[in-house]
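Colleague: Just dropping this structure here.
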Amino acid sequence: MKSKNLILFIAMFQIFLLINLATSHSYFISQTNSLDTSSKIEEKSMVEKLMNSGINLLVGFLSIKQIGIVSAEEFWCCEETTEGEICRDIPVGDDSFCKGQVWPTDCKSTEFCKIGTCIDKKEGVCSVGTLQGCINDWDSRSIGEVDECKLGCCTLREGTNKQFIEKIKCDNKEGSFDSGISQRDCVVYTEEMGACVLENGDCKFTTEQDCEINLNGDSYPRFLCSNPVLETNCEASKETTCYNNKVYFLDTCGNLANVYDSEKVYSDSANEDIKNYWDIVQEPGCSSVVSSETCGNCKDMESICSEGNAEEGSYICKNLNCIDKHDDNKERKNTEAWCVYESYVGDSRDVVGSEYRVRYCDKGEIKTELCENYRGQICGGKINGKGEDSFSVARCMFNEGWKCYQAEMESYEYYEDGKIINEDKTEEKNNETCESISSCRLEQVDLYNYYDFYDLQWDGDNKPIDLFKFDMCVPKYPPGLEFWDSSSNAKDMCGIMNSVTCTTQWVYWGAWYCKSNCECLTQEFADEMNDVCISLGDCGGYVNVEGEYTKNFKTFDINSLEKYVKTGGKDKYVMNIEAGGAGGATLTFDADGDIKDEDKYKKYSEQIGQGYPPKFLSSTEQGYWGGDPLENLEWTEEDFPNIASTVLTITSAVIGAVGGLLISLGGIASVASAVPIVGWIVAAIAATITVILAIFSACGFGETKEIVVEFKCQPWQPPVGGKDCEKCNENPLRPCTEYKCRSLGSTCRILEEVYESENPVCINAHPYESVPPEIIFGEINKSFYSANEKSKGNGVDIRTSKGGCIQEFTPIQFTLETKDGDEEDYARCVYNWESGFEPPTIKNDYALIGEEFNEGNFYSTTHTFETRLPFVSSLNEISGNLGERQGEANIYVRCMDYAGNFNPKEYVVNFCIREGPDNTAARILGAFPMDRSFLKYGVNETSLIIYLDEPAECSWTTGSYDEMTNFTDCEDYVEGQIKPKWRCSTTLTDLTKLTNNIYIKCKDQPWISEGDYKGPWDETDRNENAQGFLYTLYATENPLEIVSISPQGEIIRGGETSEGLDLEVKTSGGMKNGVSICEYEFIEPKLGWDFFLETGSKNHKQLFNPPTGNYNISVICKDEVGNKATANSVFSLIVDDSAPIIVRAYKDERNLKLITDEDATCYYGLEECNFNLEDGVLMTLNKFSTTHIANWNPGVIYYIRCADIFGNVNSGCTKKIITSS
Amino acid sequence: MEKRGQVTIFIIAGILIVSSIALFFLFRSGVVPGIGGKAEQNPNVFLEACIEDKIREGIELISLQGGYTENPLSIYFKFEDENLPVNISYLCYNQLPYALCMPQKPLLIQHLKNELKNYISEDIKNCFGELTENLGKQYVVEANYQGFEFELIEGKVIVKIDGEIVLTKTEETTKQEDFEIIILSRFYDLANMVQKIVNKEATTGDFSHYNLFLYSDFDINKYKTADSSVIYSVKHRESNEEFRFAVRGGVMPPGFGLKFT
């Protein structure tokens, strides 16, 4: 019976369990699902350490410079484009893609597109933005000036959490904000916490405040919850966690203990050290480490707390340092940065295609960044410390090489009588200016160095006349160019030095002898000039990153000397000249149109990183951020010096050498007359001399000639073909760029995709191309001309629209096109007036010999021919009577495509040219200064250059046409030199009116008036414009002045590092009533000149953030015509970054009276030090004072906190005062 | 024989008892117990399950495209480890050389909320509808959906649905309103970091690598394109969530952009 009952009981019990387990299990599961796991995240956020890298970005001066908006163009402002872009500056009148409002001014001048600060109070976020983008809550000040946006330490939840955030965010979180605490110090240290013992033996490790206010527990500061004295449920454990970027032990309750140290793992041993380690907060037991499984004291910056295989627990200190596998496994510390170069750097020798990169160790990973395409930015680096403590720093910086061109321009104040002279600068000062700019250097050409044995020519003051020599201020790190694109500025940049000419003087004395500037006919000339050329950018004969050289300049070719000297049978010339005096050294003309040694440049592609790497500049140093290159610049060709100032004009030296002979011969006659010699003997001698001279003259002896040697600097072009294209893809640490890819070969292209890519691929875009370009005729002005393609192809005849011959010296323009089948074919083309020139082959390095079309040495599909037809008299075969003669001339065209294919048979363009009178007067194409310009204040004369479409003699007047003054210098026609424009220059004087109207008249064909003219026309055939050209110059009424400049005197400021100090200047007068560009320079230390952040109007502003000290800042303002004003800002800055101190506290009748060392506002609290000022009781009557009063309450502890005018306040109490009872 | 019979009886009895209890609970209608039970009976859970993936999808899409689902002011860029290029929006842009970029969405957090809201609104509405439909199988349901809002905070995306569901069954009525879904995400943290980068770009023209060291929670990479745009990739090191965007400003053009007349 009993066993039956038992069985029954068991069965019922099992059934009971069966039923209830199912439901109860489900209940547990559902409850688990709804547990809030957010607490886990929050815990982790508590362990975030907001590290201050230790790099104080505000060391020393903080000169906040920004890159200005392009100021050379005018803009309108589009509120919003069709693409959704807000506040876009658009070219004036071009509002086609603007869907919002358009304003007739640039965006920064408008209210709604001016940059300020958006304050999103709801989200607690500050951002840089425009009113247009912010809509509401917009502050016009910059983000650094807005109080709510300032960063500081936000203490939350009774000190259990601290975050380095903006004040506005802290306010949103209802935290306590302190801007005086740095990011590094904005952490809750375990030393500030302690055990908070709760009921039932629970314990939480937290701050005293949190314990008392929120948890209602008993607080034991610095005690750990695992301290047995506290009798809590918490004990030591082996678990760890990350906190403040260190590994910490946890106790069994999940509370923080001390820093993990595997030797301090708790055991029951009697080791006191270990026991203590679990009782109270202590310093880490082990030294800081970079990587460890046994110690959690992670070294700042080099190590981070991270999950890993620790000896105990789950966290380790993970090494943040890097190993550079590409540099012999060199160890790099976390945050270390260094520059990566691709060629020799500095000295203006950066090779084509090279760029700067910065590489850095970022938390264990090495990253590489391109500074900027085309060397728009460079990389400066340096090493701090030595040995194991050495630390490399580097950063990208804007390439300020554009300042060199400006320095070059400013060196030459104005132009007079064919020479550029400096109003107040000497050559030494010019050089100083250049070399004071850190991005610039002087490139010198001084052929005298080669030929110091050469006989010097002397002027009337017994001074040697300069040989060919000049300096040019050039960038140390020349910019990269889009050398393949004819619409880019490559031609302009390289053309900076194309006004350099060297005029050699020749005299005929049985043969042509070179008498001066002959050194320009040597290879040294080409070498020196090419060195200047390559220093301007990707120009000239130079190499790419693979060391492949191409020649990209044109200079004198000794083979064409004959063409110049050959006149009327006088085709002999002397190749060598000997120096006078002892020594007998010889100067040989050996120019072959090329430099001596191309290979000398190869080393620059091999010496990677050698040379003069850019200096590291911190963000606080001048030069870190560049200014706007286009500020204050109106670039015209004339702005660049005509280096012909160093060129000898035709001097009497040469003529004198010949004339001297005549004079000396004549002298015999005069001497003879003084000496009583028999008269008939004297007469006979004189007659003989006269006859000899006449014979000499008839033979052409004494005839002079000039040969102008030009060096034409051209944009660099890559080697023909694409054998090196793939090399661009070889280094993953240096991803290929379009700039480098293009530099490797003429057929190298970035693989064409519709998207940008992290790793662009460079390919040979025409690997198998073998078809030469086909040349066809393009366009010509059909109103005047006709072009009939030759019946067998390969040429065209150009005639007038009626099929007749074209008048000589007529300007003519037409285009040719190159095609590959039906498609356009890019090619470089040249032409010659004779046929049979060597075609471009691999043997001659694909040299294209001949004159270039307007497109220069660019590859193009259209080739523009623009010139004046030659005179009939210069043609080989002429027919007809004088005045009606005609002849034919051909140009022979050769083109080469990217792959090096060229047309084997030259394309021939035939002209039929006839003699005829010129019926049109010369036209003025342009003037410098421009028409309607202003004169500098107080100046009543100026140089003037005008450009004409044909050679002419010009004169000017401000009054009557009867009183015209000739221009001092007008370019003559030189046979064989057909130019697009001819220059005349002079000095205008007596410009005393407010509006000076100058009338210019020009008479063409000046050669008709020359003695040796043998053509059919005479003076009456010369054309002069009946109406003078009107040219106007305005006077500047008032001088440019700086009417106010600040700061001055003594300034006291608060210690907030984010608040700047404005250097403000106001100008008036000058050309545009004060509108000018201002620059400043600190006198001590001398950092060089820099532009104001805001300038270009009457008000100029520059923001600084200097530390305490005395300052003297020079300011110079200039307007467009060179009016200048200068002033100095002299001030002393005292930075008050310390909180007020109570220097005296006493009872005054019934009051507690305090005296502070500076004006302050004081409050008191009665409970604790860390009260919010707003919650305290105000003790100061007026807002700021040195005297503070409170009611005297005996036996009370007054916790005093004071804040000065600048907001400096102690983090705790200024003072704690206990009143006596 | 007797033993076998007893066992059999016990088994049958046990089955009967269990079946009765089960039937009792099955057919007994009444107040939703509120303790475990079906998802429909815990609307938050249902909504979260319904909408979470879509929200995450939206966050990812918006984050990887520069803060927009669609934006013409963007750059088409291909990352090395991805097969296809993507459109990355410009958050700060200026097409002119030298000029600093112009922030396009200064109120970025608000903008992101709006983008996410637009992306997800239909789905939330549908989920709410599904919820009421499911509940309708067991209850008489009165539902009123009035919209929703996003709240972005550190570590979380919170969806607050403004709606009301009244359930009635055998004269017992319960009302549930203002539903809240919490999704763990670093979206806000990333957006904050992105805002800092944009601020720096707009004021100084660059967010140099020296700034990276101040933000150890993030892994930031930069890629420069041929037109000098910069693509930023900001990853939260803990959650691996990523935000990508583009910037163009402070560009130094080839040859310094100098041109001569």
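By order in the structure tokens, chains are A, B, ...; within a chain, residues start at 1; ligands start at 1, following the order shown.
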Please provide as a count of residues only all residues within 6 Å of Tyr76 (chain B), with the sequence filter that same-chain residues fewer than 4 positions apart are discarded (counting only C-alpha atoms).
Modeller: 3
Colleague: Using only C-alpha atoms, which residues of region 812-917 of chain A come within 9 Å of region 706-725 of chain A, and what is the closest atom pair for each, with the distance in Å to one decimal? Give it as a tab-separated table, sorted by chain and residue number.
Modeller:
```
residue	atom	partner	partner_atom	distance
A:Ile842	CA	A:Val720	CA	8.8
A:Asp845	CA	A:Val720	CA	8.4
A:Tyr846	CA	A:Val720	CA	7.2
A:Gly856	CA	A:Gln714	CA	7.8
A:Asn857	CA	A:Gln714	CA	7.1
A:Phe858	CA	A:Gln717	CA	7.6
A:Asp897	CA	A:Val720	CA	8.6
A:Tyr898	CA	A:Val720	CA	6.2
A:Ala899	CA	A:Gly721	CA	4.7
A:Gly900	CA	A:Val720	CA	5.8
```
Colleague: At what distance in Å, to one decimal, does CA of Val1143 (chain A) lie from CA of Pro1194 (chain A)?
Modeller: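 CA of Pro1194 (chain A) sits 21.0 Å away from CA of Val1143 (chain A).
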Colleague: Please report, as a CSV table (one decimal) with C-alpha atoms, in the first residue's frame, each residue of region 77-255 of chain A to which DSSP assigns strand (DSSP E or B) when run on this structure's backbone.
Modeller:
```csv
chain,number,residue,atom,x,y,z
A,77,CYS,CA,25.9,85.2,-55.2
A,78,CYS,CA,23.4,82.4,-55.9
A,79,GLU,CA,21.4,81.4,-52.9
A,80,GLU,CA,20.8,77.9,-54.1
A,81,THR,CA,21.7,76.1,-57.3
A,86,ILE,CA,23.8,76.8,-51.2
A,87,CYS,CA,25.6,80.1,-51.3
A,88,ARG,CA,27.6,79.7,-54.5
A,89,ASP,CA,29.7,82.4,-56.1
A,90,ILE,CA,28.9,82.6,-59.7
A,91,PRO,CA,30.4,84.6,-62.6
A,98,CYS,CA,20.6,79.2,-60.0
A,102,VAL,CA,20.7,85.9,-57.2
A,103,TRP,CA,22.5,88.9,-55.6
A,115,ILE,CA,29.8,82.5,-42.6
A,116,GLY,CA,29.0,82.5,-39.0
A,117,THR,CA,27.9,80.0,-36.4
A,118,CYS,CA,24.8,77.9,-36.3
A,119,ILE,CA,23.7,77.0,-32.8
A,120,ASP,CA,21.3,74.1,-32.6
A,125,VAL,CA,25.5,71.3,-31.4
A,126,CYS,CA,27.5,74.2,-32.8
A,127,SER,CA,28.5,74.3,-36.5
A,128,VAL,CA,30.0,76.6,-39.0
A,129,GLY,CA,27.3,77.8,-41.3
A,130,THR,CA,25.5,80.6,-43.0
A,138,TRP,CA,22.6,82.0,-36.3
A,139,ASP,CA,25.4,84.0,-34.8
A,151,LEU,CA,34.8,73.6,-25.4
A,152,GLY,CA,35.3,72.7,-21.8
A,153,CYS,CA,34.9,69.9,-19.3
A,154,CYS,CA,31.3,69.0,-18.6
A,155,THR,CA,30.7,67.2,-15.3
A,156,LEU,CA,27.7,65.1,-15.3
A,161,ASN,CA,30.9,61.3,-15.8
A,162,LYS,CA,33.0,64.0,-17.5
A,163,GLN,CA,32.9,64.9,-21.1
A,164,PHE,CA,34.9,67.4,-23.1
A,165,ILE,CA,32.2,69.0,-25.0
A,166,GLU,CA,30.7,72.3,-26.0
A,176,SER,CA,28.5,71.6,-14.9
A,177,PHE,CA,30.7,73.3,-17.4
A,178,ASP,CA,34.3,74.4,-16.8
A,193,MET,CA,35.9,58.1,-6.3
A,194,GLY,CA,35.3,55.7,-3.5
A,195,ALA,CA,33.1,53.0,-2.1
A,196,CYS,CA,29.5,53.8,-1.6
A,197,VAL,CA,28.1,51.2,0.8
A,203,CYS,CA,28.4,48.6,-2.9
A,204,LYS,CA,29.0,50.9,-5.8
A,205,PHE,CA,32.3,52.6,-6.6
A,206,THR,CA,31.4,56.2,-7.4
A,207,THR,CA,31.9,59.8,-6.4
A,218,ASP,CA,27.7,55.8,3.0
A,219,SER,CA,30.6,57.2,1.2
A,220,TYR,CA,34.2,56.1,1.8
A,221,PRO,CA,36.4,58.1,-0.5
A,223,PHE,CA,38.1,52.9,-0.5
A,236,ALA,CA,38.3,40.8,-5.6
A,237,SER,CA,38.0,39.1,-9.0
A,238,LYS,CA,40.1,38.5,-12.0
A,239,GLU,CA,37.8,40.3,-14.3
A,240,THR,CA,39.0,43.5,-16.0
A,241,THR,CA,37.7,46.3,-18.0
A,242,CYS,CA,38.8,49.4,-19.8
A,243,TYR,CA,38.6,52.8,-18.1
A,246,LYS,CA,43.9,51.7,-18.9
A,247,VAL,CA,42.9,48.2,-17.9
A,248,TYR,CA,41.3,48.1,-14.5
A,249,PHE,CA,40.4,45.2,-12.3
A,250,LEU,CA,36.7,44.7,-11.5
A,251,ASP,CA,35.4,43.4,-8.3
```
Colleague: Would you kindly report the residues of chain B within 6 Å of chain A, using only C-alpha atoms, as JSON, numbers by chain?
Modeller: {"B": [36, 72, 73, 76, 77, 78, 79, 80, 98, 99, 103, 106, 199, 213, 214, 252, 254, 255, 259, 260, 261]}
Colleague: Do you know which residues are at most 10 Å from Lys117 (chain B) counting only C-alpha atoms, after dropping those on the same chain fewer than 6 positions away, and could you put them as a PyMOL selection string?
Modeller: chain B and resi 55+58+111+123-124+148-150+159
Colleague: As a VMD selection string, please: the residues near His236 (chain B) (cut-off 7 Å, only C-alpha atoms, same-chain neighbours under 6 positions excluded).
Modeller: chain B and resid 190 217 to 219 242
Colleague: List the neighbours of region 130-137 of chain B out to 9 Å using only C-alpha atoms; skip same-chain residues closer than 2 positions along the sequence, and give me the result as an mmCIF file with N, CA and C atoms, in the first residue's frame.
Modeller:
```
data_model
loop_
_atom_site.group_PDB
_atom_site.id
_atom_site.type_symbol
_atom_site.label_atom_id
_atom_site.label_comp_id
_atom_site.auth_asym_id
_atom_site.auth_seq_id
_atom_site.Cartn_x
_atom_site.Cartn_y
_atom_site.Cartn_z
ATOM 1 N N GLU B 40 2.612 40.149 -30.396
ATOM 2 C CA GLU B 40 1.533 41.111 -30.661
ATOM 3 C C GLU B 40 1.016 41.698 -29.363
ATOM 4 N N GLN B 41 1.191 40.965 -28.327
ATOM 5 C CA GLN B 41 0.662 41.455 -27.073
ATOM 6 C C GLN B 41 1.675 42.367 -26.403
ATOM 7 N N PRO B 43 3.405 45.435 -27.987
ATOM 8 C CA PRO B 43 3.549 46.158 -29.260
ATOM 9 C C PRO B 43 4.953 46.663 -29.514
ATOM 10 N N PHE B 46 6.999 44.068 -31.003
ATOM 11 C CA PHE B 46 6.587 43.787 -32.380
ATOM 12 C C PHE B 46 7.102 44.870 -33.327
ATOM 13 N N LEU B 47 6.890 46.102 -32.913
ATOM 14 C CA LEU B 47 7.311 47.206 -33.781
ATOM 15 C C LEU B 47 8.819 47.197 -33.986
ATOM 16 N N CYS B 50 9.706 44.639 -36.322
ATOM 17 C CA CYS B 50 9.248 44.974 -37.682
ATOM 18 C C CYS B 50 10.120 46.023 -38.325
ATOM 19 N N LYS B 125 4.705 53.344 -40.790
ATOM 20 C CA LYS B 125 3.235 53.373 -40.920
ATOM 21 C C LYS B 125 2.728 51.963 -41.202
ATOM 22 N N ASN B 126 3.414 51.295 -42.077
ATOM 23 C CA ASN B 126 2.997 49.921 -42.404
ATOM 24 C C ASN B 126 3.133 48.991 -41.209
ATOM 25 N N CYS B 127 4.206 49.163 -40.480
ATOM 26 C CA CYS B 127 4.398 48.303 -39.301
ATOM 27 C C CYS B 127 3.296 48.537 -38.278
ATOM 28 N N PHE B 128 2.963 49.766 -38.135
ATOM 29 C CA PHE B 128 1.894 50.083 -37.193
ATOM 30 C C PHE B 128 0.602 49.426 -37.665
ATOM 31 N N TYR B 139 -8.555 40.918 -30.775
ATOM 32 C CA TYR B 139 -9.211 41.978 -30.035
ATOM 33 C C TYR B 139 -9.988 42.857 -30.991
ATOM 34 N N VAL B 140 -10.798 43.655 -30.376
ATOM 35 C CA VAL B 140 -11.384 44.754 -31.130
ATOM 36 C C VAL B 140 -10.390 45.899 -30.980
ATOM 37 N N VAL B 141 -9.930 46.369 -32.090
ATOM 38 C CA VAL B 141 -8.820 47.323 -32.045
ATOM 39 C C VAL B 141 -9.259 48.683 -32.543
ATOM 40 N N GLU B 142 -8.894 49.682 -31.787
ATOM 41 C CA GLU B 142 -9.040 51.060 -32.280
ATOM 42 C C GLU B 142 -7.642 51.645 -32.334
ATOM 43 N N ALA B 143 -7.190 51.950 -33.523
ATOM 44 C CA ALA B 143 -5.815 52.432 -33.644
ATOM 45 C C ALA B 143 -5.800 53.835 -34.224
ATOM 46 N N ILE B 165 -3.292 52.630 -29.363
ATOM 47 C CA ILE B 165 -4.030 51.401 -29.696
ATOM 48 C C ILE B 165 -4.916 51.053 -28.503
ATOM 49 N N LEU B 167 -7.374 48.219 -27.121
ATOM 50 C CA LEU B 167 -7.769 46.828 -27.323
ATOM 51 C C LEU B 167 -8.947 46.503 -26.413
#
```
Colleague: Residues at most 6 Å from Ser63 (chain B), counting only C-alpha atoms, excluding those fewer than 4 positions away in the same chain, as number ranges by chain?
Modeller: B: 59, 67, 243
Colleague: Which of region 117-304 of chain A end up as alpha helix (DSSP H) when DSSP is run on this backbone - answer as a PyMOL selection string?
Modeller: chain A and resi 131-134+167-172+208-209+272-277
Colleague: Leaving out Glu151 (chain B) and any residue of its chain fewer than 6 positions from it, which residues lie within 9 Å of it when counting only C-alpha atoms, given as a list in words?
Modeller: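 What passes the distance filter is Lys113, Val157, Ile158, Val159 and Lys160 of chain B.
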